[in-house]
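Asks: Let me give you the structure first, and then I'll get to my questions.
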Amino acid sequence: MITASPAARLLPTAPDWRELWRASITDAGELLRSVGLEHLAGRLPPADAGFALRVPRGFAARMRPGDASDPLLLQVLPQLAELEQAPGYLIDPVGDLAAREAQGLLHKYEGRALLIASGSCAVNCRYCFRRHFPYGEEMAAAGQWRKALEHLRQDASITELILSGGDPLSLATPKLEELSRGLAGIPHVTRLRIHTRLPVVLPERIDDAFLAWFAALPLQKVVVLHANHANEFDAAVDAACRRLREAGATVLNQSVLLKQINDDADTLVKLSERLFAAGVLPYYLHQLDRVQGAAHFEVDDARALALVEAMRRRLPGYLVPKLVREVGGDASKRPV
């Protein structure tokens with residue numbers, strides 16, 4: 001029998017992503033203390049403004065200590081502004097529920113269907129357009145994905161399946177394997193797209209078990225990340241992106257244009273450059289979905305267009321994301 005050498009037994013092992021998830025910061029006061037801003041605790045809304053805080057400690061470690069304007073902190077810290085009722089801001093701003101075809105399955109666009117694979121995220125972004133979504137009733141993973149898979153089998157026009165949520169990579173790999181076994185009997189679904197923030201906020205999720213499953217999928221694979229600022233990237237995120245590409249994925253990024261976080265040309269240019277350094281192509285720059293509680297993040301269209309024009313002057317075309325807005329009932333994202 002071969003045994004590990006004493007030196008090998010001393011090598012550190014990568015932390016399990018589930019343990020890191022469980023260790024996330026879930027108290028806004030603790031988050032402020034972790035970045036040296038505990039004096040701001042009096043500005044926090046009661047009960048996290050009805051939307052729980054969750055931040056992986058590795059993501060919090062990328063925040064600038066003592067900086068109340070840090071762009072990573074502002075994305076996740078509950079604000080009193082979330083309690084304001086702004087006209088035109090809705091619980092379901094993009095018409096998700098009107099597009100429901102089966103439990104957890106949305107069919108908005110021709111040739112593509114979207115699974116609400118999970119209601120959990122490793123980080124709760126304050127501008128999330130599904131912050132009010134009824135996940136308890138709409139989980140495609142329930143019942144071994146049965147209802148969603150039945151609909152997919154019956155509609156041969158669907159060639160691409162999009163996993164969203166929540167975050168689909170919050171599911172354990174065996175649960176994802178369960179889905180891929182069901183897809184194996186649906187030959188018209190040839191492409192799998194995963195929308196996920198985990199490789200950015202919890203890069204340890206891209207572990208060996210996940211990659212073994214992912215690389216073996218007999219489908220075209222696309223991973224769409226969600227990063228809004230260059231400071232979200234570090235060596236661990238770079239490594240996760242590299243491993244996804246090595247497993248056969250095309251890796252893209254979509255961002256949301258957010259006031260006081262990334263609404264200036266220098267920040268957006270740096271984000272595109274940093275994405276490309278990590279092997280990721282900018283895909284979409286979204287105008288804010290008008291969900292209740294997020295009005296303070298909105299950037300008006302005139303400024304958004306000016307920012308994209310500034311990016312065009314400074315970047316090659318392949319590093320300039322498309323500026324879009326999602327409108328419920330439209331047949332595609334709407335160019336701005």
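By order of appearance in the structure tokens: chains A, B, ..., then residues from 1 within every chain, and ligands from 1 in the order shown.
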Region 263-301 of chain A near region 103-127 of chain A within 10 Å: what's each residue's closest atom pair and its distance in Å to one decimal, counting only C-alpha atoms, ordered by chain then ascending residue number, as JSON lines?
Replies:
{"residue": "A:Leu288", "atom": "CA", "partner": "A:Tyr127", "partner_atom": "CA", "distance": 7.8}
{"residue": "A:Asp289", "atom": "CA", "partner": "A:Tyr127", "partner_atom": "CA", "distance": 8.0}
{"residue": "A:Arg290", "atom": "CA", "partner": "A:Tyr127", "partner_atom": "CA", "distance": 8.7}
{"residue": "A:Val291", "atom": "CA", "partner": "A:Tyr127", "partner_atom": "CA", "distance": 7.4}
{"residue": "A:Gln292", "atom": "CA", "partner": "A:Tyr127", "partner_atom": "CA", "distance": 8.9}
{"residue": "A:Gly293", "atom": "CA", "partner": "A:Tyr127", "partner_atom": "CA", "distance": 7.5}
{"residue": "A:Ala294", "atom": "CA", "partner": "A:Tyr127", "partner_atom": "CA", "distance": 5.1}
{"residue": "A:Ala295", "atom": "CA", "partner": "A:Tyr127", "partner_atom": "CA", "distance": 8.4}
{"residue": "A:His296", "atom": "CA", "partner": "A:Tyr127", "partner_atom": "CA", "distance": 9.1}
{"residue": "A:Phe297", "atom": "CA", "partner": "A:Tyr127", "partner_atom": "CA", "distance": 7.2}
{"residue": "A:Glu298", "atom": "CA", "partner": "A:Tyr127", "partner_atom": "CA", "distance": 9.4}
Asks: Give me the residues near Pro187 (chain A) as a PyMOL selection string, where near means some atom within 9 Å (using only C-alpha atoms) and where sequence neighbours in that chain fewer than 3 positions away do not count.
Replies: chain A and resi 153+156+159+183-184+190
Asks: What lies within 8 Å of region 299-311 of chain A using only C-alpha atoms, ignoring chain neighbours under 2 positions off, as a CSV table (one decimal) with all heavy atoms, in the first residue's frame?
Replies:
chain,number,residue,atom,x,y,z
A,257,LEU,N,-24.8,48.7,-14.2
A,257,LEU,CA,-24.3,50.1,-14.0
A,257,LEU,C,-24.9,50.6,-12.7
A,257,LEU,O,-26.1,50.7,-12.5
A,257,LEU,CB,-24.7,50.9,-15.1
A,257,LEU,CG,-24.1,52.4,-15.2
A,257,LEU,CD1,-22.6,52.3,-15.2
A,257,LEU,CD2,-24.6,53.1,-16.4
A,258,LEU,N,-24.1,51.0,-11.7
A,258,LEU,CA,-24.5,51.3,-10.4
A,258,LEU,C,-23.9,52.7,-9.9
A,258,LEU,O,-22.7,52.9,-9.9
A,258,LEU,CB,-24.1,50.2,-9.4
A,258,LEU,CG,-24.6,48.8,-9.7
A,258,LEU,CD1,-23.8,47.8,-8.9
A,258,LEU,CD2,-26.1,48.7,-9.3
A,259,LYS,N,-24.8,53.5,-9.5
A,259,LYS,CA,-24.4,54.8,-9.0
A,259,LYS,C,-23.4,54.8,-7.9
A,259,LYS,O,-23.6,54.0,-6.9
A,259,LYS,CB,-25.6,55.7,-8.6
A,259,LYS,CG,-25.4,57.1,-8.3
A,259,LYS,CD,-26.7,57.8,-8.0
A,259,LYS,CE,-26.5,59.3,-7.7
A,259,LYS,NZ,-27.7,60.0,-7.5
A,263,ASP,N,-20.0,54.1,-12.0
A,263,ASP,CA,-20.6,55.0,-13.0
A,263,ASP,C,-19.6,56.1,-13.4
A,263,ASP,O,-19.9,57.3,-13.4
A,263,ASP,CB,-21.9,55.6,-12.5
A,263,ASP,CG,-21.8,56.4,-11.2
A,263,ASP,OD1,-20.9,56.1,-10.4
A,263,ASP,OD2,-22.5,57.3,-11.0
A,264,ASP,N,-18.4,55.7,-13.7
A,264,ASP,CA,-17.4,56.6,-14.3
A,264,ASP,C,-16.6,55.8,-15.3
A,264,ASP,O,-16.4,54.6,-15.1
A,264,ASP,CB,-16.6,57.3,-13.2
A,264,ASP,CG,-15.6,56.4,-12.5
A,264,ASP,OD1,-14.5,56.2,-13.1
A,264,ASP,OD2,-16.0,55.9,-11.5
A,265,ALA,N,-16.1,56.5,-16.3
A,265,ALA,CA,-15.4,55.8,-17.4
A,265,ALA,C,-14.1,55.1,-16.9
A,265,ALA,O,-13.9,54.0,-17.4
A,265,ALA,CB,-15.0,56.9,-18.5
A,268,LEU,N,-15.0,51.7,-15.4
A,268,LEU,CA,-15.5,50.8,-16.4
A,268,LEU,C,-14.4,50.3,-17.3
A,268,LEU,O,-14.4,49.1,-17.6
A,268,LEU,CB,-16.7,51.4,-17.2
A,268,LEU,CG,-18.0,51.6,-16.4
A,268,LEU,CD1,-19.0,52.4,-17.2
A,268,LEU,CD2,-18.6,50.3,-15.9
A,269,VAL,N,-13.5,51.2,-17.7
A,269,VAL,CA,-12.4,50.8,-18.5
A,269,VAL,C,-11.5,49.8,-17.7
A,269,VAL,O,-11.1,48.7,-18.2
A,269,VAL,CB,-11.6,52.0,-19.0
A,269,VAL,CG1,-10.2,51.6,-19.5
A,269,VAL,CG2,-12.4,52.8,-20.0
A,287,GLN,N,-28.5,48.4,-17.6
A,287,GLN,CA,-29.2,49.4,-16.8
A,287,GLN,C,-29.9,48.7,-15.7
A,287,GLN,O,-30.4,47.6,-15.8
A,287,GLN,CB,-30.1,50.2,-17.7
A,287,GLN,CG,-29.4,51.4,-18.4
A,287,GLN,CD,-28.9,52.5,-17.4
A,287,GLN,OE1,-28.2,52.2,-16.4
A,287,GLN,NE2,-29.3,53.7,-17.7
A,288,LEU,N,-30.0,49.4,-14.5
A,288,LEU,CA,-30.6,48.8,-13.3
A,288,LEU,C,-32.0,48.4,-13.6
A,288,LEU,O,-32.9,49.1,-14.2
A,288,LEU,CB,-30.6,49.9,-12.2
A,288,LEU,CG,-31.2,49.5,-10.9
A,288,LEU,CD1,-30.1,48.6,-10.2
A,288,LEU,CD2,-31.5,50.7,-10.0
A,297,PHE,N,-29.5,53.2,-6.6
A,297,PHE,CA,-28.4,52.8,-7.5
A,297,PHE,C,-28.5,53.3,-8.9
A,297,PHE,O,-27.6,53.1,-9.7
A,297,PHE,CB,-28.3,51.2,-7.5
A,297,PHE,CG,-27.8,50.6,-6.2
A,297,PHE,CD1,-28.7,49.9,-5.4
A,297,PHE,CD2,-26.5,50.8,-5.8
A,297,PHE,CE1,-28.2,49.2,-4.3
A,297,PHE,CE2,-26.0,50.1,-4.7
A,297,PHE,CZ,-26.9,49.4,-3.9
A,313,ARG,N,-14.0,54.9,-27.0
A,313,ARG,CA,-12.8,55.7,-27.4
A,313,ARG,C,-11.5,55.2,-26.8
A,313,ARG,O,-10.4,55.4,-27.4
A,313,ARG,CB,-13.0,57.2,-27.0
A,313,ARG,CG,-14.1,57.9,-27.7
A,313,ARG,CD,-14.0,59.4,-27.5
A,313,ARG,NE,-14.2,59.8,-26.1
A,313,ARG,CZ,-15.3,60.2,-25.6
A,313,ARG,NH1,-16.4,60.2,-26.3
A,313,ARG,NH2,-15.4,60.5,-24.3
A,314,ARG,N,-11.6,54.4,-25.8
A,314,ARG,CA,-10.4,54.0,-25.0
A,314,ARG,C,-10.1,52.5,-25.1
A,314,ARG,O,-9.0,52.1,-24.7
A,314,ARG,CB,-10.6,54.4,-23.6
A,314,ARG,CG,-10.6,55.9,-23.4
A,314,ARG,CD,-11.0,56.3,-22.0
A,314,ARG,NE,-10.1,55.8,-21.0
A,314,ARG,CZ,-10.2,56.1,-19.7
A,314,ARG,NH1,-11.2,56.8,-19.2
A,314,ARG,NH2,-9.3,55.6,-18.8
A,315,LEU,N,-11.1,51.7,-25.6
A,315,LEU,CA,-10.9,50.3,-25.6
A,315,LEU,C,-11.2,49.7,-27.0
A,315,LEU,O,-11.9,50.3,-27.8
A,315,LEU,CB,-11.9,49.6,-24.6
A,315,LEU,CG,-11.7,49.9,-23.2
A,315,LEU,CD1,-12.9,49.4,-22.4
A,315,LEU,CD2,-10.5,49.1,-22.7
A,320,VAL,N,-15.8,46.3,-25.1
A,320,VAL,CA,-16.9,47.2,-24.7
A,320,VAL,C,-18.2,46.4,-24.6
A,320,VAL,O,-18.7,45.9,-25.6
A,320,VAL,CB,-17.0,48.3,-25.8
A,320,VAL,CG1,-18.2,49.3,-25.4
A,320,VAL,CG2,-15.7,49.1,-26.0
A,323,LEU,N,-24.6,47.9,-23.8
A,323,LEU,CA,-25.5,48.5,-22.8
A,323,LEU,C,-27.0,48.2,-23.1
A,323,LEU,O,-27.5,48.4,-24.2
A,323,LEU,CB,-25.3,50.1,-22.9
A,323,LEU,CG,-26.2,50.9,-21.9
A,323,LEU,CD1,-25.8,50.6,-20.5
A,323,LEU,CD2,-26.1,52.4,-22.2
A,336,VAL,N,-29.8,50.1,-25.2
A,336,VAL,CA,-30.1,51.4,-24.7
A,336,VAL,C,-29.3,52.4,-25.7
A,336,VAL,O,-28.2,52.2,-26.0
A,336,VAL,CB,-29.6,51.6,-23.3
A,336,VAL,CG1,-29.8,53.1,-22.9
A,336,VAL,CG2,-30.3,50.7,-22.4
Asks: Pick out each residue of region 140-205 of chain A that DSSP on the backbone tags as strand (DSSP E); I need them as JSON, numbers by chain.
Replies: {"A": [160, 161, 162, 163, 164, 191, 192, 193, 194, 195, 196]}
Asks: Generate a file of the selected residues that holds N, CA and C atoms, formatted as a PDB file, in the first residue's frame.
Replies:
ATOM      1  N   GLU A 160     -30.996  26.007 -25.868  1.00  0.00           N
ATOM      2  CA  GLU A 160     -30.083  26.466 -24.817  1.00  0.00           C
ATOM      3  C   GLU A 160     -30.816  26.525 -23.485  1.00  0.00           C
ATOM      4  N   LEU A 161     -30.201  25.931 -22.479  1.00  0.00           N
ATOM      5  CA  LEU A 161     -30.738  25.974 -21.124  1.00  0.00           C
ATOM      6  C   LEU A 161     -29.857  26.879 -20.277  1.00  0.00           C
ATOM      7  N   ILE A 162     -30.484  27.835 -19.613  1.00  0.00           N
ATOM      8  CA  ILE A 162     -29.773  28.796 -18.767  1.00  0.00           C
ATOM      9  C   ILE A 162     -30.063  28.456 -17.309  1.00  0.00           C
ATOM     10  N   LEU A 163     -29.027  28.268 -16.520  1.00  0.00           N
ATOM     11  CA  LEU A 163     -29.184  28.046 -15.085  1.00  0.00           C
ATOM     12  C   LEU A 163     -28.958  29.363 -14.372  1.00  0.00           C
ATOM     13  N   SER A 164     -29.950  29.761 -13.585  1.00  0.00           N
ATOM     14  CA  SER A 164     -29.874  31.024 -12.872  1.00  0.00           C
ATOM     15  C   SER A 164     -30.421  30.810 -11.472  1.00  0.00           C
ATOM     16  N   ARG A 191     -26.817  23.335 -25.589  1.00  0.00           N
ATOM     17  CA  ARG A 191     -25.938  24.323 -24.956  1.00  0.00           C
ATOM     18  C   ARG A 191     -26.421  24.597 -23.541  1.00  0.00           C
ATOM     19  N   LEU A 192     -25.482  24.658 -22.610  1.00  0.00           N
ATOM     20  CA  LEU A 192     -25.779  24.968 -21.211  1.00  0.00           C
ATOM     21  C   LEU A 192     -25.078  26.270 -20.850  1.00  0.00           C
ATOM     22  N   ARG A 193     -25.863  27.210 -20.345  1.00  0.00           N
ATOM     23  CA  ARG A 193     -25.305  28.490 -19.900  1.00  0.00           C
ATOM     24  C   ARG A 193     -25.559  28.627 -18.401  1.00  0.00           C
ATOM     25  N   ILE A 194     -24.530  28.952 -17.660  1.00  0.00           N
ATOM     26  CA  ILE A 194     -24.633  29.111 -16.208  1.00  0.00           C
ATOM     27  C   ILE A 194     -24.356  30.561 -15.852  1.00  0.00           C
ATOM     28  N   HIS A 195     -25.325  31.214 -15.225  1.00  0.00           N
ATOM     29  CA  HIS A 195     -25.146  32.576 -14.720  1.00  0.00           C
ATOM     30  C   HIS A 195     -24.798  32.473 -13.240  1.00  0.00           C
ATOM     31  N   THR A 196     -23.637  32.955 -12.879  1.00  0.00           N
ATOM     32  CA  THR A 196     -23.158  32.726 -11.511  1.00  0.00           C
ATOM     33  C   THR A 196     -22.252  33.853 -11.038  1.00  0.00           C
TER      34      THR A 196
END
Asks: Which residue is closest to Leu244 (chain A)? Choose from A:Ile206, A:Glu232, A:Val256, A:Trp21 and count only C-alpha atoms.
Replies: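 Smallest distance to Leu244 (chain A) is found for A:Ile206.
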Asks: I'd like the neighbourhood of region 52-57 of chain A as number ranges by chain, where a residue qualifies if any of its atoms comes within 12 Å (using only C-alpha atoms), though same-chain residues fewer than 2 positions away should be ignored.
Replies: A: 17-32, 34-35, 44-50, 59-63, 72-79, 120-126, 128, 131-132, 197-205
Asks: As an exercise, work out the distance from CA of Phe129 (chain A) to CA of Ala172 (chain A) in Å and give it to one decimal place.
Replies: 24.0 Å
Asks: Using only C-alpha atoms for the distances, tell me which of A:Arg33, A:Val189, A:Glu150, A:Pro282 is nearest to Gly317 (chain A).
Replies: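 That would be A:Pro282, the residue with the smallest distance to Gly317 (chain A).
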Asks: Would you return as JSON, numbers by chain the members of region 43-117 of chain A that DSSP assigns to helix (DSSP H, G or I) on this structure's backbone?
Replies: {"A": [43, 46, 47, 48, 49, 50, 57, 58, 59, 60, 71, 72, 73, 74, 75, 76, 80, 81, 82, 83, 97, 98, 99]}
Asks: Produce a file of the selected residues containing N, CA, C and O atoms, as a CSV table (one decimal), in the first residue's frame.
Replies:
chain,number,residue,atom,x,y,z
A,43,ARG,N,-26.5,54.0,11.0
A,43,ARG,CA,-27.1,54.3,9.7
A,43,ARG,C,-27.7,53.0,9.0
A,43,ARG,O,-28.3,53.1,8.0
A,46,PRO,N,-33.4,48.9,9.9
A,46,PRO,CA,-33.9,47.8,10.7
A,46,PRO,C,-34.1,46.6,9.9
A,46,PRO,O,-34.6,46.6,8.8
A,47,ALA,N,-33.7,45.4,10.5
A,47,ALA,CA,-34.0,44.1,9.8
A,47,ALA,C,-33.4,44.0,8.4
A,47,ALA,O,-34.0,43.4,7.5
A,48,ASP,N,-32.3,44.7,8.2
A,48,ASP,CA,-31.6,44.7,6.9
A,48,ASP,C,-32.5,45.1,5.8
A,48,ASP,O,-32.4,44.6,4.6
A,49,ALA,N,-33.5,46.0,6.1
A,49,ALA,CA,-34.5,46.4,5.1
A,49,ALA,C,-35.2,45.3,4.4
A,49,ALA,O,-35.7,45.4,3.3
A,50,GLY,N,-35.4,44.2,5.2
A,50,GLY,CA,-36.2,43.1,4.7
A,50,GLY,C,-35.5,42.2,3.7
A,50,GLY,O,-36.1,41.3,3.1
A,57,ARG,N,-16.4,35.9,3.6
A,57,ARG,CA,-15.3,36.6,4.2
A,57,ARG,C,-14.2,37.0,3.2
A,57,ARG,O,-13.5,38.0,3.4
A,58,GLY,N,-14.0,36.1,2.3
A,58,GLY,CA,-13.0,36.4,1.3
A,58,GLY,C,-13.3,37.6,0.4
A,58,GLY,O,-12.4,38.3,0.0
A,59,PHE,N,-14.6,37.8,0.1
A,59,PHE,CA,-15.0,39.0,-0.6
A,59,PHE,C,-14.9,40.2,0.3
A,59,PHE,O,-14.4,41.3,-0.2
A,60,ALA,N,-15.3,40.1,1.5
A,60,ALA,CA,-15.1,41.2,2.4
A,60,ALA,C,-13.7,41.6,2.6
A,60,ALA,O,-13.4,42.8,2.8
A,71,PRO,N,-16.4,50.4,-3.3
A,71,PRO,CA,-17.4,49.9,-4.2
A,71,PRO,C,-17.9,48.5,-4.0
A,71,PRO,O,-19.0,48.1,-4.4
A,72,LEU,N,-17.1,47.7,-3.3
A,72,LEU,CA,-17.6,46.3,-3.0
A,72,LEU,C,-18.5,46.4,-1.8
A,72,LEU,O,-19.6,45.7,-1.7
A,73,LEU,N,-18.2,47.2,-0.8
A,73,LEU,CA,-19.0,47.4,0.4
A,73,LEU,C,-20.4,47.9,0.0
A,73,LEU,O,-21.4,47.4,0.5
A,74,LEU,N,-20.4,48.9,-0.9
A,74,LEU,CA,-21.7,49.5,-1.2
A,74,LEU,C,-22.6,48.6,-2.0
A,74,LEU,O,-23.8,48.8,-2.0
A,75,GLN,N,-22.1,47.6,-2.6
A,75,GLN,CA,-22.9,46.6,-3.3
A,75,GLN,C,-23.7,45.7,-2.3
A,75,GLN,O,-24.7,45.1,-2.7
A,76,VAL,N,-23.2,45.5,-1.1
A,76,VAL,CA,-23.8,44.5,-0.2
A,76,VAL,C,-24.3,45.0,1.1
A,76,VAL,O,-25.0,44.3,1.9
A,80,LEU,N,-30.4,52.7,4.4
A,80,LEU,CA,-31.7,53.3,4.7
A,80,LEU,C,-32.5,53.6,3.5
A,80,LEU,O,-33.8,53.6,3.5
A,81,ALA,N,-31.8,54.0,2.4
A,81,ALA,CA,-32.5,54.3,1.1
A,81,ALA,C,-33.3,53.2,0.6
A,81,ALA,O,-34.3,53.4,-0.2
A,82,GLU,N,-33.1,51.9,1.0
A,82,GLU,CA,-33.8,50.8,0.5
A,82,GLU,C,-35.3,50.8,1.1
A,82,GLU,O,-36.1,50.1,0.5
A,83,LEU,N,-35.5,51.6,2.1
A,83,LEU,CA,-36.9,51.7,2.7
A,83,LEU,C,-37.8,52.6,1.9
A,83,LEU,O,-39.0,52.7,2.2
A,97,LEU,N,-42.5,36.3,-13.5
A,97,LEU,CA,-43.6,35.4,-13.1
A,97,LEU,C,-44.5,35.3,-14.3
A,97,LEU,O,-45.1,34.2,-14.5
A,98,ALA,N,-44.6,36.3,-15.2
A,98,ALA,CA,-45.4,36.2,-16.4
A,98,ALA,C,-44.8,35.2,-17.4
A,98,ALA,O,-45.5,34.7,-18.3
A,99,ALA,N,-43.5,34.9,-17.3
A,99,ALA,CA,-42.8,34.1,-18.2
A,99,ALA,C,-42.7,32.6,-17.7
A,99,ALA,O,-42.1,31.8,-18.4
Asks: Any idea what the distance is between CA of Gly143 (chain A) and CA of Asp207 (chain A)?
Replies: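 The value is 26.0 Å.
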